[in-house]
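**Student:** Here's a structure for you.
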Amino acid sequence: MTALDDRVFEAIRARVDSGDYLDERLGPPGVDTDGGGAFQVAPDGRLQRVYWRGSPEYLAAHAAGLLEPLPPLTPAPESAVRECETLLGRPLPRLLRRCYLELGDGGFGPAYGIRGVTGEDNIIDAYREQQRSWLEEWRPMAERLLPVCDWGCGITSFIDIGDPDARMWAIDPNPAPADDYAVALFPQDLGFGEWMLRWVEGTLRQPLLVRDEITGEWRGATDLEQGVV
């Protein structure tokens with residue numbers, strides 16, 4: 001692993017150990033339920049407010065002690081990680097591999113969390129599905145892109161496992177034109193290590209597809225454009 005990967009791994013470990021390793025957190029049932037926002041129904045029928053890490057509401061709830069630490073994670077079995085790599089035909093990015101083996105079998109990280117190598121909606125099942133269902137225009141990248149994280153609304157982040165720098169890619173189908181849907185898949189200008197570092201620091205934003213005002217071409221949004229959105 002590189003020095004950056006080592007630094008990022010320790011930062012991720014600190015978040016996992018603290019029990020604050022997902023972006024979406026639930027408040028206690030029946031507390032802070034006035035006003036607008038997102039809610040979930042607790043098993044007892046009361047509402048639980050949904051907080052998004054880094055938002056003013058989250059920061060206030062965290063300061064007030066309303067957010068209980070998330071439960072400890074269980075690392076992935078080494079045999080499952082090796083089986084995953086065998087099915088992929090290549091090794092996992094070193095940082096991701098170490099996170100699986102030492103921190104947890106997914107369930108931590110941006111948005112709904114990194115996919116695990118076992119269990120429901122695991123990374124291999126998602127990878128196999130894209131081999132079956134992707135557009136013909138995307139097929140050259142289908143075997144290289146590992147679907148590591150879902151953001152909702154069809155937005156997905158991928159790691160290029162054929163790239164030594166583990167470059168990130170994304171699909172954002174929402175603004176893509178019906179007659180040119182293939183533009184929904186696009187590369188991003190950062191590797192997996194920097195992507196996870198931004199998540200730890202609270203500066204990572206979901207990928208967005210935009211149309212360049214000058215060229216008219218579809219591409220991934222820049223950091224500045226994401227900040228405006």
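Residue names in the structure tokens use chain letters A, B, ... in the order shown, residue numbers from 1 in each chain, and ligand numbers from 1 in the order shown.
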Give me, as an MDAnalysis selection string, the residues of region 47-226 of chain A that a backbone DSSP run labels helix (DSSP H, G or I).
**Tutor:** chainID A and resid 56:63 78:88 94:102 123:133 136:142 178:184 192:201 223:226
**Student:** Write out as JSON lines a residue-level contact list of region 139-221 of chain A versus region 65-87 of chain A with cut-off 12 Å: for each qualifying residue the closest pair of atoms and the distance in Å to one decimal, counting only C-alpha atoms, rows sorted by chain and residue number upward.
**Tutor:**
```
{"residue": "A:Glu143", "atom": "CA", "partner": "A:Leu87", "partner_atom": "CA", "distance": 10.7}
{"residue": "A:Leu146", "atom": "CA", "partner": "A:Cys84", "partner_atom": "CA", "distance": 11.1}
{"residue": "A:Ile161", "atom": "CA", "partner": "A:Glu85", "partner_atom": "CA", "distance": 10.5}
```
**Student:** Those selected residues, please, written with N, CA, C and O atoms and delivered as a short mmCIF file (atom, residue, chain, number, x, y, z; two decimals), in the first residue's frame.
**Tutor:**
```
data_model
loop_
_atom_site.label_atom_id
_atom_site.label_comp_id
_atom_site.auth_asym_id
_atom_site.auth_seq_id
_atom_site.Cartn_x
_atom_site.Cartn_y
_atom_site.Cartn_z
N GLU A 143 -15.93 -5.39 -17.35
CA GLU A 143 -15.10 -6.29 -16.56
C GLU A 143 -14.08 -5.54 -15.70
O GLU A 143 -13.48 -6.12 -14.80
N LEU A 146 -15.73 -2.17 -10.82
CA LEU A 146 -16.30 -2.88 -9.67
C LEU A 146 -17.29 -1.95 -8.96
O LEU A 146 -16.92 -0.88 -8.49
N ILE A 161 -10.71 -1.60 -11.49
CA ILE A 161 -9.75 -2.56 -10.93
C ILE A 161 -8.67 -2.93 -11.95
O ILE A 161 -7.73 -3.65 -11.62
#
```
**Student:** Could you pull the residues within 9 Å of Leu95 (chain A), counting only C-alpha atoms, minus those fewer than 4 positions along the same chain, as a list in words?
**Tutor:**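 That gives Met1, Thr2, Asp5, Asp6, Val8, Phe9, Cys99, Tyr100, Phe192 and Gly193 of chain A.
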**Student:** Quick one: write out the picked residues with N, CA, C and O atoms as a CSV table (one decimal), in the first residue's frame?
**Tutor:**
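Once everything was written out, this is result25.csv:
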```
chain,number,residue,atom,x,y,z
A,1,MET,N,0.8,-1.2,0.0
A,1,MET,CA,0.0,0.0,0.0
A,1,MET,C,0.9,1.2,0.0
A,1,MET,O,2.0,1.2,0.5
A,2,THR,N,0.4,2.3,-0.6
A,2,THR,CA,1.1,3.6,-0.6
A,2,THR,C,0.9,4.3,0.7
A,2,THR,O,0.1,3.9,1.6
A,5,ASP,N,-2.5,5.4,1.1
A,5,ASP,CA,-3.4,4.3,1.5
A,5,ASP,C,-3.3,4.0,3.0
A,5,ASP,O,-4.4,3.8,3.6
A,6,ASP,N,-2.1,4.0,3.5
A,6,ASP,CA,-1.9,3.8,4.9
A,6,ASP,C,-2.6,4.8,5.8
A,6,ASP,O,-3.3,4.5,6.8
A,8,VAL,N,-5.1,6.8,4.9
A,8,VAL,CA,-6.5,6.7,4.7
A,8,VAL,C,-7.1,5.6,5.5
A,8,VAL,O,-8.2,5.7,6.1
A,9,PHE,N,-6.4,4.4,5.5
A,9,PHE,CA,-6.9,3.3,6.2
A,9,PHE,C,-7.0,3.6,7.7
A,9,PHE,O,-8.0,3.2,8.3
A,99,CYS,N,-9.3,-3.0,4.1
A,99,CYS,CA,-10.5,-2.6,4.8
A,99,CYS,C,-11.5,-3.8,5.0
A,99,CYS,O,-12.0,-4.0,6.1
A,100,TYR,N,-11.6,-4.7,4.0
A,100,TYR,CA,-12.5,-5.9,4.1
A,100,TYR,C,-11.9,-6.8,5.2
A,100,TYR,O,-12.7,-7.3,6.0
A,192,PHE,N,-9.4,5.6,-5.7
A,192,PHE,CA,-10.1,5.1,-4.5
A,192,PHE,C,-9.6,5.7,-3.2
A,192,PHE,O,-10.4,6.0,-2.3
A,193,GLY,N,-8.3,5.8,-3.1
A,193,GLY,CA,-7.7,6.3,-1.8
A,193,GLY,C,-8.2,7.7,-1.5
A,193,GLY,O,-8.6,8.0,-0.4
```
**Student:** Which of these, A:Ala42, A:Leu26, A:Leu209, A:Ala111, has the shortest distance to His62 (chain A) once you count only C-alpha atoms?
**Tutor:** A:Leu26
**Student:** Counting only C-alpha atoms, which of A:Met141, A:Ile12, A:Ala178, A:Ala184 gets nearest to Asp163 (chain A)?
**Tutor:**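 When distances to Asp163 (chain A) are compared using only C-alpha atoms, the smallest one comes from A:Met141.
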**Student:** At a cut-off of 12 Å, using only C-alpha atoms, what residues contact Glu10 (chain A)? Leave out same-chain residues fewer than 6 positions from it and give the result as a PyMOL selection string.
**Tutor:** chain A and resi 3-4+16-17+95+98-99+102-103+193+196-197+200
**Student:** Please run DSSP on the backbone and report, as JSON, numbers by chain, all residues within region 52-219 of chain A that come out as strand (DSSP E or B).
**Tutor:** {"A": [52, 109, 114, 145, 146, 147, 148, 149, 150, 151, 152, 155, 156, 157, 158, 159, 160, 167, 168, 169, 170, 171, 185, 186, 187, 188, 189, 190, 191, 209, 210, 211, 218, 219]}
**Student:** Could you turn the residues from that selection into a file that holds N, CA and C atoms, as an mmCIF file, in the first residue's frame?
**Tutor:**
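Writing done, so here's again_5.cif:
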```cif
data_model
loop_
_atom_site.group_PDB
_atom_site.id
_atom_site.type_symbol
_atom_site.label_atom_id
_atom_site.label_comp_id
_atom_site.auth_asym_id
_atom_site.auth_seq_id
_atom_site.Cartn_x
_atom_site.Cartn_y
_atom_site.Cartn_z
ATOM 1 N N TRP A 52 -28.139 13.277 7.952
ATOM 2 C CA TRP A 52 -27.079 13.054 6.970
ATOM 3 C C TRP A 52 -25.789 13.657 7.505
ATOM 4 N N GLY A 109 -18.657 3.667 5.022
ATOM 5 C CA GLY A 109 -18.261 4.508 3.902
ATOM 6 C C GLY A 109 -19.373 5.383 3.369
ATOM 7 N N ILE A 114 -20.004 0.914 1.617
ATOM 8 C CA ILE A 114 -19.293 0.048 0.677
ATOM 9 C C ILE A 114 -19.951 -1.322 0.644
ATOM 10 N N LEU A 145 -14.810 -2.437 -14.115
ATOM 11 C CA LEU A 145 -15.428 -1.562 -13.121
ATOM 12 C C LEU A 145 -16.153 -2.370 -12.048
ATOM 13 N N LEU A 146 -15.734 -2.171 -10.816
ATOM 14 C CA LEU A 146 -16.301 -2.877 -9.666
ATOM 15 C C LEU A 146 -17.293 -1.952 -8.961
ATOM 16 N N PRO A 147 -18.581 -2.334 -8.903
ATOM 17 C CA PRO A 147 -19.612 -1.460 -8.323
ATOM 18 C C PRO A 147 -19.536 -1.427 -6.807
ATOM 19 N N VAL A 148 -18.836 -0.452 -6.288
ATOM 20 C CA VAL A 148 -18.460 -0.470 -4.880
ATOM 21 C C VAL A 148 -19.475 0.208 -3.966
ATOM 22 N N CYS A 149 -20.306 1.128 -4.499
ATOM 23 C CA CYS A 149 -21.163 1.918 -3.612
ATOM 24 C C CYS A 149 -22.354 2.479 -4.365
ATOM 25 N N ASP A 150 -23.540 2.407 -3.755
ATOM 26 C CA ASP A 150 -24.758 3.001 -4.304
ATOM 27 C C ASP A 150 -25.106 4.270 -3.538
ATOM 28 N N TRP A 151 -25.566 5.283 -4.290
ATOM 29 C CA TRP A 151 -25.986 6.558 -3.694
ATOM 30 C C TRP A 151 -27.498 6.730 -3.705
ATOM 31 N N GLY A 152 -28.221 5.817 -4.330
ATOM 32 C CA GLY A 152 -29.643 5.979 -4.510
ATOM 33 C C GLY A 152 -29.957 6.647 -5.838
ATOM 34 N N ILE A 155 -27.704 6.103 -8.946
ATOM 35 C CA ILE A 155 -26.321 6.606 -8.987
ATOM 36 C C ILE A 155 -25.404 5.604 -8.288
ATOM 37 N N THR A 156 -24.345 5.202 -8.981
ATOM 38 C CA THR A 156 -23.425 4.184 -8.474
ATOM 39 C C THR A 156 -21.985 4.624 -8.692
ATOM 40 N N SER A 157 -21.127 4.316 -7.728
ATOM 41 C CA SER A 157 -19.685 4.553 -7.853
ATOM 42 C C SER A 157 -18.968 3.235 -8.103
ATOM 43 N N PHE A 158 -17.943 3.281 -8.956
ATOM 44 C CA PHE A 158 -17.171 2.106 -9.356
ATOM 45 C C PHE A 158 -15.684 2.369 -9.165
ATOM 46 N N ILE A 159 -14.943 1.277 -8.928
ATOM 47 C CA ILE A 159 -13.485 1.320 -8.945
ATOM 48 C C ILE A 159 -13.011 0.617 -10.206
ATOM 49 N N ASP A 160 -12.101 1.262 -10.933
ATOM 50 C CA ASP A 160 -11.485 0.617 -12.096
ATOM 51 C C ASP A 160 -10.388 -0.312 -11.584
ATOM 52 N N ARG A 167 -8.753 4.166 -10.266
ATOM 53 C CA ARG A 167 -9.531 5.357 -10.582
ATOM 54 C C ARG A 167 -11.025 5.090 -10.398
ATOM 55 N N MET A 168 -11.740 6.129 -9.953
ATOM 56 C CA MET A 168 -13.176 6.026 -9.729
ATOM 57 C C MET A 168 -13.948 6.389 -10.995
ATOM 58 N N TRP A 169 -15.060 5.694 -11.208
ATOM 59 C CA TRP A 169 -16.021 5.975 -12.258
ATOM 60 C C TRP A 169 -17.393 6.067 -11.610
ATOM 61 N N ALA A 170 -18.373 6.519 -12.379
ATOM 62 C CA ALA A 170 -19.725 6.625 -11.833
ATOM 63 C C ALA A 170 -20.759 6.509 -12.939
ATOM 64 N N ILE A 171 -21.956 6.130 -12.536
ATOM 65 C CA ILE A 171 -23.149 6.210 -13.382
ATOM 66 C C ILE A 171 -24.147 7.124 -12.687
ATOM 67 N N LEU A 185 -22.420 6.930 -17.978
ATOM 68 C CA LEU A 185 -21.210 6.355 -17.391
ATOM 69 C C LEU A 185 -20.041 7.282 -17.680
ATOM 70 N N PHE A 186 -19.306 7.676 -16.627
ATOM 71 C CA PHE A 186 -18.209 8.628 -16.832
ATOM 72 C C PHE A 186 -17.100 8.426 -15.791
ATOM 73 N N PRO A 187 -15.848 8.769 -16.156
ATOM 74 C CA PRO A 187 -14.730 8.672 -15.213
ATOM 75 C C PRO A 187 -14.688 9.885 -14.285
ATOM 76 N N GLN A 188 -14.032 9.701 -13.151
ATOM 77 C CA GLN A 188 -13.810 10.801 -12.221
ATOM 78 C C GLN A 188 -12.307 11.012 -12.030
ATOM 79 N N ASP A 189 -11.946 12.196 -11.598
ATOM 80 C CA ASP A 189 -10.532 12.565 -11.525
ATOM 81 C C ASP A 189 -9.938 12.292 -10.149
ATOM 82 N N LEU A 190 -10.168 11.101 -9.624
ATOM 83 C CA LEU A 190 -9.552 10.725 -8.350
ATOM 84 C C LEU A 190 -9.554 9.211 -8.223
ATOM 85 N N GLY A 191 -8.603 8.713 -7.439
ATOM 86 C CA GLY A 191 -8.522 7.288 -7.172
ATOM 87 C C GLY A 191 -9.292 6.922 -5.917
ATOM 88 N N LEU A 209 -23.827 13.802 -13.222
ATOM 89 C CA LEU A 209 -23.659 13.983 -14.661
ATOM 90 C C LEU A 209 -24.174 15.374 -15.036
ATOM 91 N N VAL A 210 -23.352 16.142 -15.760
ATOM 92 C CA VAL A 210 -23.752 17.481 -16.196
ATOM 93 C C VAL A 210 -23.434 17.645 -17.678
ATOM 94 N N ARG A 211 -24.070 18.623 -18.282
ATOM 95 C CA ARG A 211 -23.800 18.943 -19.681
ATOM 96 C C ARG A 211 -22.966 20.215 -19.724
ATOM 97 N N TRP A 218 -21.651 15.748 -22.427
ATOM 98 C CA TRP A 218 -21.978 15.262 -21.095
ATOM 99 C C TRP A 218 -20.719 14.766 -20.412
ATOM 100 N N ARG A 219 -20.584 15.058 -19.106
ATOM 101 C CA ARG A 219 -19.392 14.674 -18.351
ATOM 102 C C ARG A 219 -19.720 14.691 -16.864
#
```
**Student:** Which residues are near Tyr181 (chain A)? Cut-off 12 Å, only C-alpha atoms, ignore same chain within fewer than 6 positions. Put them as an NGL selection string.
**Tutor:** :A and (134-138 or 171-175 or 209 or 218)
**Student:** Which one of A:Arg205, A:Arg49, A:Arg7, A:Arg15 sits closest to Asp32 (chain A) if you count only C-alpha atoms?
**Tutor:**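 Nearest to Asp32 (chain A): A:Arg49.
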**Student:** What gap, in Å, lies between CA of Ala64 (chain A) and CA of Asp34 (chain A)?
**Tutor:**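 Interatomic distance here is 16.3 Å.
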**Student:** Could you please determine the separation between CA of Thr118 (chain A) and CA of Leu101 (chain A) in Å, to one decimal place?
**Tutor:**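 These two atoms are separated by 12.2 Å.
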**Student:** Could you tell me how far CA of Trp195 (chain A) sits from CA of Glu225 (chain A), in Å to one decimal place?
**Tutor:**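 Interatomic distance here is 17.0 Å.
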**Student:** Can you tell me which residues surround Gly30 (chain A) at a distance of at most 10 Å, considering only C-alpha atoms, apart from same-chain residues fewer than 5 positions away, and format the answer as a ChimeraX atom specification?
**Tutor:** /A:41-42,44-49
**Student:** Those same residues - C-alpha atoms - I'd like them written as a PDB file, in the first residue's frame.
**Tutor:**
```
ATOM      1  CA  VAL A  41     -40.847   4.416  11.187  1.00  0.00           C
ATOM      2  CA  ALA A  42     -39.312   2.612  14.175  1.00  0.00           C
ATOM      3  CA  ASP A  44     -42.654   0.663  17.892  1.00  0.00           C
ATOM      4  CA  GLY A  45     -44.436   2.882  15.354  1.00  0.00           C
ATOM      5  CA  ARG A  46     -42.764   6.150  16.335  1.00  0.00           C
ATOM      6  CA  LEU A  47     -40.867   8.276  13.842  1.00  0.00           C
ATOM      7  CA  GLN A  48     -37.093   8.467  13.738  1.00  0.00           C
ATOM      8  CA  ARG A  49     -35.436  11.436  12.068  1.00  0.00           C
TER       9      ARG A  49
END
```
